[in-house]
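Here the structure is laid out as C-alpha cells; the discussion comes afterwards.
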Amino acid sequence: MAVEVFRADYADPVHASAVVDLLDAYARDPMGGNHPLSLAVREGLIPALAARPDALSVLAFVDGVPAGLVNVFEGFSTFKCAPLFNIHDVAVLPEYRGLGLARRMLALVEVLAVERGCCKLTLEVLEGNSPARALYRSLGFAGYALDPETGQAQFWERPLPT
C-alpha cells in the first residue's frame with residue numbers, strides 16, 4: 001500500500017476534484033452533518049479556496065486514490081501577536097480509517113504551521129466523535145481555559161443570512 005500525503009494544489013484538476021469529493025463525503029457522514037454539499041458549493045469551493053491566501057488543504061492518497069483531506073485556515077492570535085492555523089475539516093473515507101492517514105496529514109499541517117511561524121493549531125471536534133477526540137488528545141490537543149475560574153472555552157456559532 002502506497003500512501004502519499006501532500007499539500008493540495010488548487011490549480012491541479014486531480015487535487016481540486018479530490019478536495020471537493022472528499023469534503024462532500026465528509027458532509028454526508030454523520031460527523032459532517034449527513035447532508036451532501038450543494039451544487040453551488042461543489043462548483044464554487046475550489047475558486048473560493050484558491051482566492052484565499054489564508055487557506056490550504058492537505059490530501060492523503062492511498063495507492064493513487066484520494067482517501068483523506070484536511071482544510072486549514074490561517075488566523076491570528078492577538079495574545080501571542082502571531083499567526084495560528086485553524087484546522088477546519090479533517091476527513092478520512094471510511095474504508096481508509098485506521099491507517100493513520102489523519103495523523104500523517106496533521107503532521108504535515110504542523111510542519112507548514114511552523115514554517116509560517118504559527119504559535120498554535122486550533123480545531124473543533126464533536127463530543128460524540130470519540131475516535132477523533134482520541135487522536136487529537138494523542139497529538140497534544142486539549143480544551144483550554146485562560147483562567148480555570150472562568151471555565152473552558154466553548155465554540156459557538158450564529159449563522160448569518162446568505
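Lettering and numbering for the C-alpha cells are positional, with chains as A, B, ... in the shown order, residues counted from 1 in each chain, and ligands counted from 1 in the shown order.
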Using only C-alpha atoms, find each residue in segment 111-135 of chain A having at least one atom no more than 6 Å away from segment 74-89 of chain A; report its shortest atom-to-atom pair and that distance in Å (one decimal), rows by chain then rising number, as CSV.
residue,atom,partner,partner_atom,distance
A:Cys118,CA,A:Leu84,CA,4.6
A:Cys119,CA,A:Leu84,CA,5.5
A:Lys120,CA,A:Leu84,CA,5.2
A:Leu121,CA,A:Phe85,CA,4.9
A:Thr122,CA,A:Asn86,CA,4.6
A:Leu123,CA,A:Ile87,CA,4.9
- request: Report the residues of segment 20-89 of chain A whose backbone DSSP state falls under strand (DSSP E or B), written as a PyMOL selection string.
  value: chain A and resi 55-62+65-77+82-89
- request: Select, from A:Ala50, A:Asp24, A:Val114, A:Val109, the residue with the minimum atom-to-atom distance to Pro36 of chain A, counting only C-alpha atoms.
  value: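 Nearest candidate to Pro36 of chain A out of A:Ala50, A:Asp24, A:Val114, A:Val109: A:Asp24.
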Write out as a PDB file with all heavy atoms, in the first residue's frame each polymer residue whose atoms come within 10 Å of Pro131 of chain A, counting only C-alpha atoms; drop sequence neighbours fewer than 5 positions from it.
ATOM      1  N   ARG A  97     -10.019   4.384   7.116  1.00  0.00           N
ATOM      2  CA  ARG A  97      -9.814   4.723   8.530  1.00  0.00           C
ATOM      3  C   ARG A  97      -8.995   3.633   9.200  1.00  0.00           C
ATOM      4  O   ARG A  97      -9.061   2.468   8.835  1.00  0.00           O
ATOM      5  CB  ARG A  97     -11.166   4.925   9.220  1.00  0.00           C
ATOM      6  CG  ARG A  97     -11.854   6.174   8.697  1.00  0.00           C
ATOM      7  CD  ARG A  97     -13.206   6.413   9.296  1.00  0.00           C
ATOM      8  NE  ARG A  97     -13.806   7.574   8.645  1.00  0.00           N
ATOM      9  CZ  ARG A  97     -15.093   7.833   8.637  1.00  0.00           C
ATOM     10  NH1 ARG A  97     -15.937   7.047   9.279  1.00  0.00           N
ATOM     11  NH2 ARG A  97     -15.553   8.902   8.011  1.00  0.00           N
ATOM     12  N   GLY A  98      -8.207   4.039  10.185  1.00  0.00           N
ATOM     13  CA  GLY A  98      -7.365   3.098  10.910  1.00  0.00           C
ATOM     14  C   GLY A  98      -5.984   2.927  10.303  1.00  0.00           C
ATOM     15  O   GLY A  98      -5.175   2.159  10.822  1.00  0.00           O
ATOM     16  N   TYR A 136      -6.813  13.462  18.529  1.00  0.00           N
ATOM     17  CA  TYR A 136      -6.372  14.827  18.844  1.00  0.00           C
ATOM     18  C   TYR A 136      -5.689  14.887  20.213  1.00  0.00           C
ATOM     19  O   TYR A 136      -4.668  15.554  20.366  1.00  0.00           O
ATOM     20  CB  TYR A 136      -7.556  15.800  18.779  1.00  0.00           C
ATOM     21  CG  TYR A 136      -8.243  15.837  17.441  1.00  0.00           C
ATOM     22  CD1 TYR A 136      -9.598  16.130  17.346  1.00  0.00           C
ATOM     23  CD2 TYR A 136      -7.573  15.567  16.247  1.00  0.00           C
ATOM     24  CE1 TYR A 136     -10.258  16.167  16.121  1.00  0.00           C
ATOM     25  CE2 TYR A 136      -8.209  15.597  15.022  1.00  0.00           C
ATOM     26  CZ  TYR A 136      -9.555  15.901  14.964  1.00  0.00           C
ATOM     27  OH  TYR A 136     -10.196  15.932  13.753  1.00  0.00           O
ATOM     28  N   ARG A 137      -6.239  14.162  21.190  1.00  0.00           N
ATOM     29  CA  ARG A 137      -5.577  14.121  22.508  1.00  0.00           C
ATOM     30  C   ARG A 137      -4.174  13.537  22.383  1.00  0.00           C
ATOM     31  O   ARG A 137      -3.228  14.038  22.983  1.00  0.00           O
ATOM     32  CB  ARG A 137      -6.388  13.283  23.493  1.00  0.00           C
ATOM     33  CG  ARG A 137      -7.389  14.067  24.272  1.00  0.00           C
ATOM     34  CD  ARG A 137      -7.929  13.236  25.448  1.00  0.00           C
ATOM     35  NE  ARG A 137      -9.349  13.431  25.572  1.00  0.00           N
ATOM     36  CZ  ARG A 137     -10.300  12.696  24.988  1.00  0.00           C
ATOM     37  NH1 ARG A 137     -10.002  11.661  24.257  1.00  0.00           N
ATOM     38  NH2 ARG A 137     -11.564  12.974  25.162  1.00  0.00           N
TER      39      ARG A 137
END
message: From a backbone DSSP assignment, name each residue in chain A labelled helix (DSSP H, G or I), as number ranges by chain.
response: A: 13-28, 30-32, 39-50, 94-96, 101-115, 130-138, 148-150
Separation of atom CA of Ala91 of chain A from atom CA of Met105 of chain A in Å: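 A separation of 10.0 Å between them.
Of the listed residues (A:Met1, A:Val111, A:Leu106, A:Val125), A:Leu106 comes nearest to Val58 of chain A; the distances count only C-alpha atoms.
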message: Using only C-alpha atoms for the distances, tell me which of A:Gly140, A:Gly100, A:Gly64, A:Pro159 is nearest to Val14 of chain A.
response: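 When distances to Val14 of chain A are compared using only C-alpha atoms, the smallest one comes from A:Gly64.
In this structure, atom CA of Arg28 of chain A sits 20.4 Å away from atom CA of Leu49 of chain A.
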message: Using only C-alpha atoms, which protein or nucleic acid residues come within 10 Å of Ser138 of chain A? Drop anything in the same chain fewer than 5 positions from it, and give the result as a list in words.
response: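 Result of the neighbour search: Arg103, Ala132 and Arg133 of chain A.
For Leu56 of chain A, the list of residues within 9 Å, based on only C-alpha atoms and with local chain neighbours fewer than 5 positions off taken out, reads Arg7, Ala8, Asp9, Tyr10, Leu49, Ala50, Val70, Asn71, Val72, Phe73 and Glu74 of chain A.
Atom CA of Phe141 of chain A is found 28.5 Å from atom CA of Leu37 of chain A.
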- prompt: Given the choices A:Pro94, A:Pro30, A:Gly68, A:Gly143, which gets closest to Glu4 of chain A if the distance is worked out from only C-alpha atoms?
  reply: A:Gly68
